[in-house]
Amino acid sequence: MERYDARAIEEKWQAEWAREGAFAVENPAPGTEGDSRHFYMLEMLPYPSGTLHMGHVLNYTLGDVVTHFRRRNGYTVLRPMGFDSFGLPAENAAIKEGGNPLEITERNIASIENQMRRMGWAIDWTREVSAHEPTYYRWTQWLFLRLLEHGLAYRRQAPVNWCPNDQTVLSNEHVVDGRCWRCGAVVEARNMEQWFFKITAYSDELLDDLETIDWPERTKKIQRQHIGRSEGAELLFRIDELDRDVAVFTTRPDTVFGATFFVVAPESPLVDEIVDGTERADEVRAYARVAAARPTEERASREKTGVFTGRHAINPANGERIPIWVADYVLMQYGTGAIMAVPAHDERDREFAEAFELPIVPVIDDAGSLVSSGSFDGLGWREAIAAITQWLSERGRGKAAINYHLRDWSFSRQRYWGAPIPVVYCEDDGIVPVPDDELPVLLPEIENYRPKGEPPLAQATDWINVPCPRCGKPARREADTMDTFVDSSWYFLRYTDAHDESAPFDRRIADYWMPIDQYIGGIDHAKGHLLYSRFFVKALADLGLLGFREPFQRLFHQGWVKLGGKRMSKSQGGVTPDELIDRFGADPIRIYILFQGPADQDIDWTPDGIDATVRFVRRLWRVVHEAAAQPASAAGVDTPLARKAHEVIARVTDDIERRFVFNTPISAVMELINELSKAPEDPAARFAAETAVSLLQPYVPHVAEELWTVLGHARLWEEAWPVADASLLQRETIQLVLQVNGKVRDRVEVPVGLSEAELVERAKASPKVQAHLNGDEVRAIVVPDKLVNLVV
RNA sequence: GCCGGGGUGGCGAAACGGGUAAACGCGCCCGGCUUAAAACCGGGUGUCCCUCGAGGACAUGGGGGUUCGACUCCCUCCCCCGGCACCA
């Protein structure tokens with residue numbers, strides 16, 4: 001028996017798979033149905049901002065086990081790979097290193113590809129795409145133009161999140177606790193002209209369709225919360241002095257009789273209108289300016305501030321004149337940017353009223369019935385919502401309304417490393433799309449690409465100055481680039497048809513593979529990437545480009561790999577995948593990362609753990625070699641070892657297929673190996689060894705392949721998944737548990753299928769049971785073939 | 001504050017429809033092999049008690065409940081992790 005040499009074995013089989021293109025799959029030939037058993041397995045693609053860390057190893061090893069499992073169960077499995085190579089992560093890495101983003105990104109991609117090959121992951125490399133390649137971003141630009149044509153992309157002046165460190169606008173989804181998702185700098189509010197995708201047009205569908213997909217409940221919650229649908233009413237408050245109505249949104253129209261003041265957001269255009277020409281104008285404008293510029297974080301945590309405008313609005317319910325204030329606790333981006341304040345029943349309004357000594361009028365009593373509300377007194381508040389909405393609506397002073405927290409996705413970035421937005425600004429023609437046949441708008445090479453507030457592309461004068469595509473007069477290109485999340489909103493579609501030169505993808509091919517059967521990635525993308533991609537698919541379906549409306553049918557989030565209690569989000573000394581492969585080999589790492597516990601749970605990296613799996617692989621190696629010296633097992637051989645093997649086949653298959661758990665299958669095979677090593681000359685020894693190797697192949701594909709040849713076979717990666725023989729799963733005897741008053745007192749071996757009466761008889765025959773019965777009368781609870789409980 | 005997920009040996013965990021709690025692995029202890037160590041092999045290992053047995057009691061964050069029987073279901077409290085948070 002040769003020594004287990006991980007490096008030699010792994011290099012041998014990796015070379016073999018690469019030579020054959022073993023994991024490449026073909027699209028169905030045009031006009032054919034394709035394979036009815038096909039499966040699209042995808043893990044979120046990496047940012048090439050460095051090399052892979054142990055978190056990636058968990059993610060992709062999980063996907064690898066599923067890939068092998070499905071392949072061997074007769075599915076054609078599409079399992080591609082690519083790189084999210086544009087955007088902040090890659091560009092910031094380049095800046096940090098002080099080099100050219102293209103060179104650094106491509107160098108990182110090459111090292112990651114090498115790491116992936118060394119891990120032995122079964123990837124179809126023929127479909128590899130990277131977001132920064134012109135052959136890819138040409139189609140990102142093309143898709144943008146389609147969305148622009150249909151009004152789903154637009155440009156407007158709006159308050160946006162500005163990261164002062166990364167010098168760019170950020171989407172709402174990538175402001176985390178008031179800070180930038182990449183660098184952690186406190187985000188500022190700015191009013192700028194920016195590009196948006198109209199994701200809000202899909203608020204209801206994004207919410208409703210969550211019911212149709214198989215996702216973790218917590219992820220659905222995050223998306224529901226982020227969409228934040230709330231039902232209520234829009235009510236009109238009149239400002240006599242200005243001779244106009246102002247609408248407010250409220251979820252509690254039942255409390256309108258308690259509205260004792262009115263508040264306008266500092267950013268609201270209404271502020272100017274209200275104070276124009278009044279003696280308080282300067283004071284109010286000064287407050288509004290300062291308040292609007294305050295960082296969101298500070299604005300949320302501070303004590304209430306505000307100023308009285310001197311003007312009044314009329315409460316549509318009771319006709320009272322109530323003072324209009326400007327205060328920064330009211331947000332311009334939600335509802336109408338103005339609110340009716342009901343201090344008796346809203347905590348924020350109460351705080352404000354207390355701070356500024358404004359009247360507080362309760363309109364709902366402790367029993368939940370209305371008071372001081374005219375003819376509505378006595379009505380329950382829930383019924384009052386509908387009743388008051390209807391009453392005001394009949395009088396032309398309101399209507400039922402729905403509001404959402406979700407805002408349109410701002411996707412223009414004042415940065416270099418991204419897909420240029422393919423439009424031109426012309427003095428006469430305004431925003432002019434670049435014609436399709438001029439795509440891609442190539443990202444020019446420029447010397448100083450570092451962020452400086454102004455988009456770096458604005459300085460590329462040769463590039464930016466172009467004739468207007470429509471009238472030919474001098475015009476300027478858009479200098480902003482696209483958010484990296486635009487690239488990753490459709491990459492899974494490109495994989496299906498990666499080399500298409502006439503379209504981003506062929507609808508028939510995309511419809512064939514999609515939706516993705518199993519998607520795996522971090523929960524940190526719950527409301528960013530996972531929401532944007534859903535929006536893209538719905539929008540593209542509405543444009544007739546796709547025949548389905550959800551991209552990810554089934555979703556799984558792997559846990560974090562932690563070192564010293566901290567998430568590993570970059571490679572850390574001593575536990576980088578490369579160092580570990582060098583020291584132990586890829587197979588032990590793969591099995592280690594899945595054996596630690598449930599894959600959706602965080603795991604702590606421990607050196608002891610990896611030692612244990614190295615030991616297990618060596619033991620497997622030895623025990624299988626010993627079994628290989630035994631004669632071949634007869635088909636259907638019936639020994640305890642054979643039965644164990646069949647039981648393990650059933651358990652492993654069920655665990656992976658139905659339960660989607662990956663740690664217990666390893667335990668089950670360990671049990672089989674333990675039994676085999678205790679019965680090395682059992683007639684089923686060879687069968688048990690073959691079973692163990694075969695079941696473990698998705699986890700340790702290299703050593704399993706090698707051992708498969710030792711057992712006299714070839715090409716395990718194409719071998720059908722083993723099937724348990726049902727007749728050998730049937731037990732002839734069982735261990736009957738005997739309880740007295742619910743406590744276990746004895747266990748006896750009995751044949752299966754005894755009648756209840758026989759089982760009770762066996763129970764009563766046990767001396768240990770008798771010792772606890774004291775001859776008393778008993779009642780028996782019988783679970784056939786399992787347990788007898790005698791109750792005194 | 002609101003919402004979601006958790007709490008099981010010294011440690012990672014298992015127990016899937018209420019039916020043997022702790023499979024599998026780590027660590028530790030004893031033994032074998034060895035000049036020795038490593039590696040490897042065999043055995044033991046929840047806690048406590050005693051009369052040391054084919055013994056008993058107690059054990060799944062605390063308390064209570066349902067049940068013949070609860071890690072599992074219900075109520076309540078405590079703790080940990082995550083998401084959201086002036087969204088009217």
# chains A, B, ... in the order shown; residues from 1 in each chain; ligands from 1

call {"tool": "interface_residues", "arguments": {"of": "chain A", "to": "chain B", "cutoff": "6 Å", "atoms": "only C-alpha atoms (C1' of nucleotides)", "output": "MDAnalysis selection string"}}
result
chainID A and resid 218 250 300 329 334 405 596 667 742

call {"tool": "residues_around", "arguments": {"residues": "Arg7 (chain A)", "least_positions_apart": "6", "cutoff": "9 Å", "atoms": "only C-alpha atoms (C1' of nucleotides)", "output": "list in words"}}
result
Ile581, Asp582, Phe584, Gly585 and Ala586 of chain A

call {"tool": "residues_around", "arguments": {"residues": "G6 (chain B)", "least_positions_apart": "4", "cutoff": "12 Å", "atoms": "only C-alpha atoms (C1' of nucleotides)", "output": "list of chain:residue names"}}
result
A:Gln601, A:Asp602, B:G61, B:C79, B:C80, B:C81, B:G82

call {"tool": "residues_around", "arguments": {"residues": "Asp177 (chain A)", "least_positions_apart": "4", "cutoff": "12 Å", "atoms": "only C-alpha atoms (C1' of nucleotides)", "output": "PyMOL selection string"}}
result
(chain A and resi 172-173+181+184-187+295-298+300-301) or (chain B and resi 83-85)

call {"tool": "write_last_selection", "arguments": {"atoms": "all heavy atoms", "output": "compact mmCIF listing (two decimals), in the first residue's frame"}}
result
# COMPACT_ATOMS: atom_id res chain seq x y z
N ASN A 172 -29.12 53.10 -1.02
CA ASN A 172 -29.63 52.96 0.35
C ASN A 172 -29.26 51.61 0.93
O ASN A 172 -29.02 51.48 2.14
CB ASN A 172 -31.15 53.07 0.36
CG ASN A 172 -31.61 54.45 -0.03
OD1 ASN A 172 -31.00 55.44 0.39
ND2 ASN A 172 -32.62 54.53 -0.86
N GLU A 173 -29.25 50.60 0.07
CA GLU A 173 -28.98 49.24 0.54
C GLU A 173 -27.55 49.08 1.03
O GLU A 173 -27.24 48.16 1.76
CB GLU A 173 -29.24 48.24 -0.60
CG GLU A 173 -30.72 48.05 -0.92
CD GLU A 173 -31.34 49.21 -1.70
OE1 GLU A 173 -30.59 49.97 -2.34
OE2 GLU A 173 -32.58 49.35 -1.65
N TRP A 181 -20.72 50.63 3.17
CA TRP A 181 -20.56 49.18 3.30
C TRP A 181 -19.13 48.73 3.06
O TRP A 181 -18.73 47.67 3.52
CB TRP A 181 -21.49 48.43 2.33
CG TRP A 181 -21.11 48.53 0.88
CD1 TRP A 181 -21.06 49.67 0.13
CD2 TRP A 181 -20.72 47.47 0.02
NE1 TRP A 181 -20.65 49.36 -1.14
CE2 TRP A 181 -20.44 48.03 -1.25
CE3 TRP A 181 -20.58 46.09 0.18
CZ2 TRP A 181 -20.03 47.28 -2.34
CZ3 TRP A 181 -20.17 45.33 -0.93
CH2 TRP A 181 -19.89 45.92 -2.16
N GLY A 184 -16.69 51.96 5.74
CA GLY A 184 -17.14 52.26 7.10
C GLY A 184 -17.21 53.74 7.43
O GLY A 184 -17.51 54.12 8.56
N ALA A 185 -16.94 54.63 6.45
CA ALA A 185 -17.03 56.07 6.71
C ALA A 185 -18.49 56.48 6.92
O ALA A 185 -19.39 55.89 6.32
CB ALA A 185 -16.43 56.84 5.55
N VAL A 186 -18.70 57.49 7.78
CA VAL A 186 -20.05 57.98 8.01
C VAL A 186 -20.55 58.68 6.74
O VAL A 186 -19.88 59.53 6.17
CB VAL A 186 -20.09 58.96 9.21
CG1 VAL A 186 -21.46 59.60 9.34
CG2 VAL A 186 -19.73 58.21 10.49
N VAL A 187 -21.73 58.26 6.30
CA VAL A 187 -22.28 58.74 5.04
C VAL A 187 -22.94 60.09 5.22
O VAL A 187 -23.57 60.37 6.24
CB VAL A 187 -23.29 57.68 4.53
CG1 VAL A 187 -24.15 58.24 3.42
CG2 VAL A 187 -22.55 56.44 4.08
N PRO A 295 -25.65 64.65 9.03
CA PRO A 295 -25.56 63.22 8.68
C PRO A 295 -26.78 62.46 9.20
O PRO A 295 -27.28 62.75 10.29
CB PRO A 295 -24.30 62.73 9.40
CG PRO A 295 -23.55 63.96 9.75
CD PRO A 295 -24.52 65.09 9.84
N THR A 296 -27.23 61.50 8.41
CA THR A 296 -28.43 60.73 8.75
C THR A 296 -28.33 60.11 10.14
O THR A 296 -29.31 60.08 10.88
CB THR A 296 -28.62 59.57 7.75
OG1 THR A 296 -27.61 59.66 6.76
CG2 THR A 296 -29.98 59.62 7.14
N GLU A 297 -27.14 59.64 10.46
CA GLU A 297 -26.94 58.98 11.74
C GLU A 297 -27.23 59.94 12.90
O GLU A 297 -27.97 59.62 13.83
CB GLU A 297 -25.49 58.51 11.82
CG GLU A 297 -25.24 57.48 12.88
CD GLU A 297 -23.74 57.19 12.99
OE1 GLU A 297 -22.93 58.14 12.82
OE2 GLU A 297 -23.39 56.04 13.25
N GLU A 298 -26.67 61.14 12.79
CA GLU A 298 -26.83 62.15 13.83
C GLU A 298 -28.29 62.59 13.90
O GLU A 298 -28.87 62.74 14.97
CB GLU A 298 -25.93 63.33 13.45
CG GLU A 298 -25.78 64.38 14.53
CD GLU A 298 -24.94 65.53 14.01
OE1 GLU A 298 -23.94 65.27 13.31
OE2 GLU A 298 -25.31 66.69 14.29
N ALA A 300 -30.89 60.94 13.29
CA ALA A 300 -31.76 59.94 13.89
C ALA A 300 -31.59 59.86 15.40
O ALA A 300 -32.52 59.54 16.12
CB ALA A 300 -31.48 58.58 13.27
N SER A 301 -30.40 60.16 15.88
CA SER A 301 -30.15 59.92 17.30
C SER A 301 -30.36 61.16 18.17
O SER A 301 -30.54 61.07 19.37
CB SER A 301 -28.73 59.41 17.49
OG SER A 301 -27.83 60.41 17.06
P G B 83 -26.68 42.52 11.39
OP1 G B 83 -25.82 42.91 10.27
OP2 G B 83 -26.57 43.22 12.68
O5' G B 83 -28.20 42.61 10.93
C5' G B 83 -28.58 42.13 9.64
C4' G B 83 -30.07 42.33 9.48
O4' G B 83 -30.77 41.61 10.53
C3' G B 83 -30.55 43.75 9.64
O3' G B 83 -30.34 44.53 8.48
C2' G B 83 -32.03 43.53 9.94
O2' G B 83 -32.74 43.18 8.78
C1' G B 83 -31.94 42.33 10.88
N9 G B 83 -31.85 42.74 12.28
C8 G B 83 -30.74 42.74 13.10
N7 G B 83 -31.00 43.17 14.31
C5 G B 83 -32.36 43.47 14.29
C6 G B 83 -33.21 43.98 15.32
O6 G B 83 -32.91 44.26 16.48
N1 G B 83 -34.52 44.15 14.86
C2 G B 83 -34.94 43.87 13.58
N2 G B 83 -36.23 44.10 13.33
N3 G B 83 -34.17 43.39 12.63
C4 G B 83 -32.90 43.22 13.05
P C B 84 -30.00 46.08 8.63
OP1 C B 84 -29.73 46.59 7.27
OP2 C B 84 -29.00 46.26 9.70
O5' C B 84 -31.38 46.67 9.14
C5' C B 84 -32.51 46.67 8.27
C4' C B 84 -33.72 47.12 9.02
O4' C B 84 -33.94 46.25 10.18
C3' C B 84 -33.66 48.49 9.66
O3' C B 84 -33.81 49.53 8.71
C2' C B 84 -34.80 48.40 10.66
O2' C B 84 -36.05 48.47 10.01
C1' C B 84 -34.59 46.99 11.20
N1 C B 84 -33.74 47.01 12.42
C2 C B 84 -34.36 47.35 13.63
O2 C B 84 -35.58 47.61 13.63
N3 C B 84 -33.62 47.39 14.77
C4 C B 84 -32.32 47.10 14.73
N4 C B 84 -31.64 47.15 15.87
C5 C B 84 -31.67 46.76 13.50
C6 C B 84 -32.41 46.73 12.39
P A B 85 -32.91 50.83 8.90
OP1 A B 85 -33.12 51.62 7.69
OP2 A B 85 -31.55 50.49 9.34
O5' A B 85 -33.61 51.54 10.14
C5' A B 85 -34.98 51.88 10.08
C4' A B 85 -35.45 52.18 11.47
O4' A B 85 -35.23 51.06 12.35
C3' A B 85 -34.70 53.28 12.18
O3' A B 85 -35.02 54.55 11.67
C2' A B 85 -35.17 53.05 13.62
O2' A B 85 -36.49 53.47 13.80
C1' A B 85 -35.10 51.53 13.69
N9 A B 85 -33.81 51.11 14.25
C8 A B 85 -32.67 50.69 13.61
N7 A B 85 -31.67 50.42 14.42
C5 A B 85 -32.20 50.68 15.67
C6 A B 85 -31.65 50.60 16.97
N6 A B 85 -30.41 50.21 17.22
N1 A B 85 -32.43 50.95 18.00
C2 A B 85 -33.69 51.34 17.76
N3 A B 85 -34.32 51.46 16.59
C4 A B 85 -33.50 51.11 15.58

call {"tool": "residues_around", "arguments": {"residues": "region 393-398 of chain A", "least_positions_apart": "6", "cutoff": "8 Å", "atoms": "only C-alpha atoms (C1' of nucleotides)", "output": "PyMOL selection string"}}
result
chain A and resi 233-237+316

call {"tool": "closest_residue", "arguments": {"among": "B:C33, B:C28, B:C58, B:C48", "to": "G10 (chain B)", "atoms": "only C-alpha atoms (C1' of nucleotides)"}}
result
B:C28
